[in-house]
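Q: Sending over a structure as structure tokens; questions will come in a sec.
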Amino acid sequence: MKLALEQAQAAADRGEVPVGAALIGPGGQVVAADGNRTRELNDPTAHAEILVLRAACRAAGSERLPDHDLYVTLEPCAMCAAALAAARIRRVYYGASDPKSGGVAHGARVFSHPQAHHRPEVYDGIAADEAAALLKQFFAAQRG
């Protein structure tokens with residue numbers, strides 16, 4: 001989660017919503033890490049989770065990553081949760097909950113739907129205070 005938090009801070013430094021993700025592959029090596037880049041890339045799908053999935057799938061030469069674990073600083077939205085299920089990610093560890101836009105424990109609850117093709121193991125609250133603080137600081141600065 002430390003690497004995901006570093007990516008979230010880098011995203012904030014770029015003026016992006018501070019969400020970071022790190023994808024860990026077999027043997028515990030970091031396969032991909034990134035932060036949100038929706039503004040930089042003018043792409044509403046350029047969430048941290050999607051960016052690391054794209055990079056890892058390219059590297060693996062496959063659209064499926066069943067032996068990979070994702071660490072992300074914020075509860076994935078419905079779009080990201082659906083992509084994680086499609087990629088067959090093994091485990092999802094996330095920091096702060098997202099009651100407004102989350103898609104795992106809130107909102108769409110993608111992994112709970114009968115239509116979900118895959119349900120990763122989910123662990124929440126990992127470094128939640130640090131992740132939430134980054135988001136609060138970012139949005140306070142935006143308003144101030």
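Here, A, B, ... name the chains of the structure tokens in the order displayed, residue numbers run from 1 inside each chain, and ligands are numbered from 1 in the same displayed order.
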Leaving out Val122 in chain A and any residue of its chain fewer than 5 positions from it, which residues lie within 10 Å of it when counting only C-alpha atoms, given as a list in words?
A: Asp69, Leu70, Arg90, Arg91, Val92, Tyr93, Tyr94, Val104, Ala105 and Phe111 of chain A
Q: Would you return as a ChimeraX atom specification the members of range 29-78 of chain A that DSSP assigns to strand (DSSP E) on this structure's backbone?
A: /A:30-35,69-74
Q: CA of Cys77 in chain A to CA of Gln142 in chain A: how many Å, to one decimal?
A: 21.4 Å
Q: Determine, counting only C-alpha atoms, which protein, DNA and RNA residues have an atom within 10 Å of an atom of His47 in chain A; residues of the same chain fewer than 4 positions away are not included. Present the result as a ChimeraX atom specification.
A: /A:16-17,19-21,34-38,43,51-52,76-77,79-80
Q: Suppose we keep all heavy atoms; can you now write the selection as a tab-separated table (two decimals), in the first residue's frame?
A:
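Written out: part_23.tsv:
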chain	number	residue	atom	x	y	z
A	16	GLU	N	-4.25	15.84	-10.21
A	16	GLU	CA	-5.25	14.78	-10.38
A	16	GLU	C	-5.83	14.41	-9.02
A	16	GLU	O	-5.18	14.59	-7.99
A	16	GLU	CB	-4.60	13.53	-10.99
A	16	GLU	CG	-3.96	13.72	-12.34
A	16	GLU	CD	-4.93	13.64	-13.50
A	16	GLU	OE1	-6.14	13.38	-13.28
A	16	GLU	OE2	-4.48	13.84	-14.64
A	17	VAL	N	-7.02	13.84	-9.01
A	17	VAL	CA	-7.57	13.31	-7.77
A	17	VAL	C	-6.59	12.26	-7.26
A	17	VAL	O	-6.19	11.36	-8.00
A	17	VAL	CB	-8.97	12.70	-8.00
A	17	VAL	CG1	-9.48	12.03	-6.74
A	17	VAL	CG2	-9.95	13.78	-8.46
A	19	VAL	N	-5.56	9.30	-6.21
A	19	VAL	CA	-5.79	7.86	-6.07
A	19	VAL	C	-4.61	7.17	-6.73
A	19	VAL	O	-4.22	7.52	-7.85
A	19	VAL	CB	-7.11	7.42	-6.72
A	19	VAL	CG1	-7.28	5.90	-6.63
A	19	VAL	CG2	-8.29	8.13	-6.08
A	20	GLY	N	-4.03	6.21	-6.02
A	20	GLY	CA	-2.90	5.46	-6.55
A	20	GLY	C	-3.15	3.97	-6.44
A	20	GLY	O	-3.92	3.52	-5.59
A	21	ALA	N	-2.51	3.23	-7.35
A	21	ALA	CA	-2.67	1.78	-7.36
A	21	ALA	C	-1.34	1.11	-7.66
A	21	ALA	O	-0.50	1.66	-8.38
A	21	ALA	CB	-3.71	1.38	-8.39
A	34	ASP	N	0.64	3.18	-10.70
A	34	ASP	CA	0.30	4.46	-11.31
A	34	ASP	C	-0.74	5.15	-10.45
A	34	ASP	O	-1.28	4.57	-9.52
A	34	ASP	CB	-0.24	4.27	-12.74
A	34	ASP	CG	0.10	5.43	-13.67
A	34	ASP	OD1	0.34	6.56	-13.18
A	34	ASP	OD2	0.13	5.20	-14.89
A	35	GLY	N	-1.00	6.41	-10.80
A	35	GLY	CA	-2.04	7.20	-10.15
A	35	GLY	C	-3.00	7.70	-11.20
A	35	GLY	O	-2.75	7.56	-12.40
A	36	ASN	N	-4.08	8.28	-10.75
A	36	ASN	CA	-5.07	8.82	-11.69
A	36	ASN	C	-4.41	9.74	-12.71
A	36	ASN	O	-3.51	10.52	-12.36
A	36	ASN	CB	-6.14	9.60	-10.93
A	36	ASN	CG	-7.20	8.72	-10.34
A	36	ASN	OD1	-7.19	7.49	-10.49
A	36	ASN	ND2	-8.15	9.32	-9.64
A	37	ARG	N	-4.89	9.67	-13.95
A	37	ARG	CA	-4.40	10.53	-15.02
A	37	ARG	C	-5.55	10.97	-15.94
A	37	ARG	O	-5.36	11.18	-17.12
A	37	ARG	CB	-3.33	9.81	-15.84
A	37	ARG	CG	-2.05	9.54	-15.06
A	37	ARG	CD	-0.98	8.86	-15.92
A	37	ARG	NE	0.18	8.54	-15.12
A	37	ARG	CZ	1.20	9.38	-14.89
A	37	ARG	NH1	1.20	10.59	-15.39
A	37	ARG	NH2	2.22	8.99	-14.14
A	38	THR	N	-6.74	11.12	-15.38
A	38	THR	CA	-7.90	11.47	-16.21
A	38	THR	C	-7.75	12.84	-16.86
A	38	THR	O	-8.09	13.01	-18.04
A	38	THR	CB	-9.21	11.42	-15.41
A	38	THR	OG1	-9.13	12.33	-14.31
A	38	THR	CG2	-9.49	10.01	-14.90
A	43	ASP	N	-9.04	11.56	-20.44
A	43	ASP	CA	-9.63	10.23	-20.57
A	43	ASP	C	-10.35	9.89	-19.27
A	43	ASP	O	-9.71	9.65	-18.25
A	43	ASP	CB	-8.52	9.22	-20.85
A	43	ASP	CG	-9.01	7.79	-20.98
A	43	ASP	OD1	-10.21	7.51	-20.76
A	43	ASP	OD2	-8.17	6.92	-21.29
A	51	LEU	N	-5.28	1.99	-15.38
A	51	LEU	CA	-3.93	2.16	-15.93
A	51	LEU	C	-3.01	1.00	-15.56
A	51	LEU	O	-2.25	0.52	-16.41
A	51	LEU	CB	-3.34	3.50	-15.46
A	51	LEU	CG	-4.07	4.74	-15.98
A	51	LEU	CD1	-3.53	5.99	-15.30
A	51	LEU	CD2	-4.00	4.84	-17.49
A	52	VAL	N	-3.07	0.54	-14.30
A	52	VAL	CA	-2.20	-0.58	-13.93
A	52	VAL	C	-2.67	-1.88	-14.57
A	52	VAL	O	-1.84	-2.72	-14.95
A	52	VAL	CB	-2.01	-0.72	-12.40
A	52	VAL	CG1	-1.33	0.51	-11.82
A	52	VAL	CG2	-3.28	-1.05	-11.68
A	76	PRO	N	-12.55	1.00	-5.22
A	76	PRO	CA	-12.77	1.13	-6.67
A	76	PRO	C	-14.21	1.50	-7.02
A	76	PRO	O	-15.15	1.03	-6.37
A	76	PRO	CB	-12.42	-0.27	-7.20
A	76	PRO	CG	-11.46	-0.82	-6.20
A	76	PRO	CD	-11.97	-0.30	-4.88
A	77	CYS	N	-14.35	2.33	-8.05
A	77	CYS	CA	-15.67	2.68	-8.56
A	77	CYS	C	-16.23	1.47	-9.32
A	77	CYS	O	-15.54	0.46	-9.52
A	77	CYS	CB	-15.58	3.90	-9.46
A	77	CYS	SG	-14.75	3.59	-11.05
A	79	MET	N	-16.86	1.11	-12.49
A	79	MET	CA	-16.10	0.85	-13.72
A	79	MET	C	-14.85	0.04	-13.42
A	79	MET	O	-14.56	-0.97	-14.07
A	79	MET	CB	-15.71	2.16	-14.39
A	79	MET	CG	-14.78	1.99	-15.59
A	79	MET	SD	-14.18	3.55	-16.28
A	79	MET	CE	-13.07	4.11	-14.99
A	80	CYS	N	-14.11	0.47	-12.41
A	80	CYS	CA	-12.86	-0.21	-12.06
A	80	CYS	C	-13.13	-1.60	-11.49
A	80	CYS	O	-12.41	-2.56	-11.80
A	80	CYS	CB	-12.05	0.64	-11.10
A	80	CYS	SG	-11.41	2.14	-11.88
Q: Sorted by chain and rising residue number, list the residues of range 97-144 of chain A at most 9 Å from range 2-8 of chain A (counting only C-alpha atoms), each with its closest atom pair and distance in Å to one decimal, as CSV.
A:
residue,atom,partner,partner_atom,distance
A:Ala127,CA,A:Lys2,CA,8.4
A:Glu130,CA,A:Leu5,CA,7.8
A:Ala131,CA,A:Leu5,CA,6.7
A:Leu134,CA,A:Ala8,CA,7.7
A:Leu135,CA,A:Ala8,CA,8.9
Q: Dump N, CA, C and O atoms for the selected residues as a PDB file, in the first residue's frame?
A:
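For reference, part-v1.pdb as written:
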ATOM      1  N   ALA A 127      -4.430   1.224   5.377  1.00  0.00           N
ATOM      2  CA  ALA A 127      -3.904   2.603   5.379  1.00  0.00           C
ATOM      3  C   ALA A 127      -5.004   3.606   5.028  1.00  0.00           C
ATOM      4  O   ALA A 127      -4.767   4.600   4.339  1.00  0.00           O
ATOM      5  N   GLU A 130      -4.432   7.424   5.993  1.00  0.00           N
ATOM      6  CA  GLU A 130      -3.494   8.141   5.116  1.00  0.00           C
ATOM      7  C   GLU A 130      -4.138   8.443   3.764  1.00  0.00           C
ATOM      8  O   GLU A 130      -3.996   9.544   3.234  1.00  0.00           O
ATOM      9  N   ALA A 131      -4.843   7.459   3.219  1.00  0.00           N
ATOM     10  CA  ALA A 131      -5.497   7.650   1.919  1.00  0.00           C
ATOM     11  C   ALA A 131      -6.581   8.729   2.006  1.00  0.00           C
ATOM     12  O   ALA A 131      -6.674   9.601   1.142  1.00  0.00           O
ATOM     13  N   LEU A 134      -5.071  12.290   2.191  1.00  0.00           N
ATOM     14  CA  LEU A 134      -4.657  12.810   0.879  1.00  0.00           C
ATOM     15  C   LEU A 134      -5.848  13.385   0.116  1.00  0.00           C
ATOM     16  O   LEU A 134      -5.768  14.465  -0.473  1.00  0.00           O
ATOM     17  N   LEU A 135      -6.948  12.655   0.125  1.00  0.00           N
ATOM     18  CA  LEU A 135      -8.151  13.109  -0.584  1.00  0.00           C
ATOM     19  C   LEU A 135      -8.714  14.380   0.041  1.00  0.00           C
ATOM     20  O   LEU A 135      -9.048  15.335  -0.670  1.00  0.00           O
TER      21      LEU A 135
END
Q: List as a VMD selection string the protein and nucleic acid residues near Gly102 in chain A, meaning an atom at most 9 Å away when only C-alpha atoms are counted, but skip any in the same chain fewer than 3 places from it.
A: chain A and resid 74 to 78 81 97 to 99 105 to 109
Q: Just how far from CA of Gly25 in chain A is CA of Ala60 in chain A, in Å to one decimal?
A: 10.0 Å
Q: Please extract the residues of range 20-131 of chain A with a backbone DSSP assignment of helix (DSSP H, G or I) and present them as a ChimeraX atom specification.
A: /A:26-28,38-41,48-60,78-86,110-112,128-131
Q: Rank nothing, just name the residue among A:Pro120, A:Pro18, A:Pro114, A:Gly125 nearest to Ala96 in chain A, using only C-alpha atoms.
A: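 Nearest candidate to Ala96 in chain A out of A:Pro120, A:Pro18, A:Pro114, A:Gly125: A:Gly125.
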Q: Restricting the calculation to only C-alpha atoms: of A:Gly95, A:Gly103, A:Ala22, A:Ser112, which residue gets closest to Ala133 in chain A?
A: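 Of A:Gly95, A:Gly103, A:Ala22, A:Ser112, the one nearest Ala133 in chain A, counting only C-alpha atoms, is A:Gly95.
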Q: Provide the CA of Ala87 in chain A to CA of Pro66 in chain A distance in Å, to one decimal place.
A: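 Interatomic distance, CA of Ala87 in chain A to CA of Pro66 in chain A: 7.1 Å.
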